[in-house]
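K.L.:
One structure is given below, represented as structure tokens, and several questions about it will come after.
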Amino acid sequence: MFIAAAAMAVSASAQQRTTVTANNADDNVYVGINAGAITGFRNYYRIQDGAKQRNNAFTAYTTEVGARVGKNFTTVFGLAFEGNLYFTNHRCCCPFAVSKTWIQGLDLDLFGTANLMNMFSGYKGQPRFFEVIALGGFGWTHAFGTATRYNGVNSKIAFDFAVNLGAKKQWQVYLEPSITYSVLAFGSIAPQPEYENVMHNSEFKYDINKAGFNLKAGVNYKFRTSNNTHNFALEQLRDQAEIDALNAKINTAKAEADAANADVAAKAAKIAELQKALNACMNTPVPPIVKSRAANLQPSVVFGQGKSNVDRSQEANLDMIASYMKHNKDARIKISGYASPEGSKELNQTLSEKRAQACKDILVKRYKIAADRIETEGLGATDKLFDEPEFNRVALFNDITK
């Protein structure tokens with residue numbers, strides 16, 4: 001009991017360091033085949049022609065073949081179901097029964113499995129190359145024979161010395177020594193005078209004299225699991241330092257989100273304030289528009305730098321002004337002369353006055369417009385009318401009757 005308790009404590013400590021991913025009900029299932037031989041632990045004597053002939057237990061054997069289906073529920077524990085057929089050997093006296101048929105017997109076994117390597121050292125993420133697996137359980141035995149035909153209960157204890165092969169450790173090859181006890185037998189068991197020491201249990205009992213030693217080899221194939229391997233996979237655990245770093249990132253992101261929310265709230269308040277001001281502005285009555293007394297006429301006359309005479313290319317614009325005044329008999333205009341900023345202030349003032357007067361003279365003399373209908377003014381230098389300096393050397397026309 002002390003040894004068992006110590007073993008469980010060591011196993012529990014090892015498993016604390018092993019955390020595997022969740023797996024489905026059909027994960028970690030395997031199938032396999034095996035073959036070997038079984039012999040009894042006792043010598044059997046065959047009486048032939050009145051004389052005893054000694055059959056040594058370890059030279060008289062029965063061959064066997066079997067198939068196994070199993071599932072590993074954890075990295076340590078699992079269940080397996082196995083069926084075996086035993087074949088007659090002419091030198092053998094089976095430890096369970098004497099048979100004269102080609103198939104001497106069969107058994108169906110259910111046993112638990114325990115991976116001792118994983119139990120005591122933990123699981124490393126994939127099976128080790130070499131593993132030791134303990135097996136134990138019970139099964140049903142049926143013996144075929146002309147004189148002896150019976151059913152029984154057997155108990156098996158075994159160790160698998162296994163190697164895991166393949167790129168994904170999907171193949172497992174093992175050598176399995178085991179002891180199989182015939183713990184209970186019932187059925188038709190007739191006396192057989194030609195054999196001695198062939199006995200069958202009528203009560204549940206472990207008796208080494210009614211046990212056989214098995215040695216067989218086998219191979220298992222482990223099916224693909226839901227984690228895309230053929231075995232258990234370890235969870236990707238994170239240490240405390242990594243968890244703390246992730247928490248710090250979460251807190252930083254939360255603070256940034258709070259700041260962004262506060263900024264959004266402030267902007268929403270500003271939008272509401274501007275919307276309120278806009279509504280107030282839209283609800284304010286619009287004052288009546290008072291028309292200006294002056295209306296700008298589109299034609300204008302552009303002068304050369306330092307010049308006050310009207311260029312021939314500009315006379316067409318004066319023709320348009322004259323036509324306007326002839327069609328509007330009551331119209332009176334004001335001609336405003338300008339100069340570009342080059343030169344002195346006094347020179348530009350004089351130049352602007354001469355430009356306005358030159359336009360009036362042509363309207364009066366050439367187009368016979370009454371002089372009292374035209375006013376002139378010189379506004380000196382400016383750079384406000386146009387971005388290009390040469391466009392500011394101009395005379396503009398305004399209808400001052402409107």
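Here, A, B, ... name the chains of the structure tokens in the order displayed, residue numbers run from 1 inside each chain, and ligands are numbered from 1 in the same displayed order.
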Just the helix (DSSP H, G or I) stuff from region 119-228 of chain A, please, per backbone DSSP, written as a list in words.
P.N.:
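Those residues are Met119, Phe120, Ser121, Ile208, Asn209 and Lys210 of chain A.
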K.L.:
Write out, as a PDB file, in the first residue's frame, the residues just selected, with C-alpha atoms.
P.N.:
```
ATOM      1  CA  MET A 119       2.785   8.217 -15.541  1.00  0.00           C
ATOM      2  CA  PHE A 120       6.090   8.883 -13.830  1.00  0.00           C
ATOM      3  CA  SER A 121       7.808  11.343 -16.200  1.00  0.00           C
ATOM      4  CA  ILE A 208       0.040 -20.397 -10.981  1.00  0.00           C
ATOM      5  CA  ASN A 209      -0.417 -24.065 -11.863  1.00  0.00           C
ATOM      6  CA  LYS A 210      -3.401 -23.034 -13.946  1.00  0.00           C
TER       7      LYS A 210
END
```
K.L.:
Just to confirm, what's the straight-line distance from CA of Thr19 (chain A) to CA of Asn72 (chain A) in Å (one decimal)?
P.N.:
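Separation of CA of Thr19 (chain A) and CA of Asn72 (chain A): 15.1 Å.
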K.L.:
What is the CA of Tyr86 (chain A)-CA of Val173 (chain A) distance in Å, reported with one decimal?
P.N.:
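Value for the CA of Tyr86 (chain A)-CA of Val173 (chain A) distance: 21.5 Å.
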K.L.:
Taking the backbone alone, and naming residues the way the document does, which bits of region 149-315 of chain A are strand (DSSP E or B) by DSSP, as an NGL selection string?
P.N.:
:A and (149-165 or 171-189 or 195-196 or 211-222 or 234 or 295-302)
K.L.:
Would you kindly return, as a VMD selection string, each protein, DNA or RNA residue with an atom no farther than 9 Å from any atom of region 154-163 of chain A, considering only C-alpha atoms and excluding same-chain residues fewer than 2 positions away?
P.N.:
chain A and resid 107 109 111 128 to 141 152 165 171 to 185 206 214
K.L.:
Would you list the contacts of His142 (chain A) as a PyMOL selection string, taking every protein, DNA or RNA residue within 6 Å and counting only C-alpha atoms, but skipping same-chain residues closer than 2 positions in sequence?
P.N.:
chain A and resi 105-106+150-151
K.L.:
For all heavy atoms, I'd like the residues from the last selection saved as a CSV table (one decimal), in the first residue's frame.
P.N.:
```
chain,number,residue,atom,x,y,z
A,105,GLY,N,-8.6,-23.0,-29.0
A,105,GLY,CA,-9.5,-22.2,-28.2
A,105,GLY,C,-9.4,-20.8,-28.6
A,105,GLY,O,-8.7,-20.4,-29.5
A,106,LEU,N,-10.3,-20.0,-28.0
A,106,LEU,CA,-10.3,-18.5,-28.2
A,106,LEU,C,-10.6,-17.8,-26.9
A,106,LEU,O,-11.1,-18.4,-26.0
A,106,LEU,CB,-11.3,-18.2,-29.3
A,106,LEU,CG,-12.8,-18.4,-29.1
A,106,LEU,CD1,-13.4,-17.2,-28.3
A,106,LEU,CD2,-13.5,-18.5,-30.4
A,150,TYR,N,-15.3,-26.3,-22.8
A,150,TYR,CA,-15.7,-25.5,-21.7
A,150,TYR,C,-15.6,-24.0,-22.0
A,150,TYR,O,-14.9,-23.6,-22.9
A,150,TYR,CB,-14.9,-25.9,-20.4
A,150,TYR,CG,-13.5,-25.3,-20.4
A,150,TYR,CD1,-13.3,-24.2,-19.7
A,150,TYR,CD2,-12.5,-26.0,-21.1
A,150,TYR,CE1,-12.0,-23.6,-19.7
A,150,TYR,CE2,-11.2,-25.4,-21.0
A,150,TYR,CZ,-11.0,-24.3,-20.3
A,150,TYR,OH,-9.7,-23.7,-20.3
A,151,ASN,N,-16.2,-23.2,-21.1
A,151,ASN,CA,-16.1,-21.8,-21.1
A,151,ASN,C,-15.4,-21.4,-19.8
A,151,ASN,O,-15.5,-22.1,-18.8
A,151,ASN,CB,-17.4,-21.1,-21.1
A,151,ASN,CG,-18.1,-21.3,-22.5
A,151,ASN,OD1,-17.5,-21.1,-23.5
A,151,ASN,ND2,-19.4,-21.8,-22.4
```
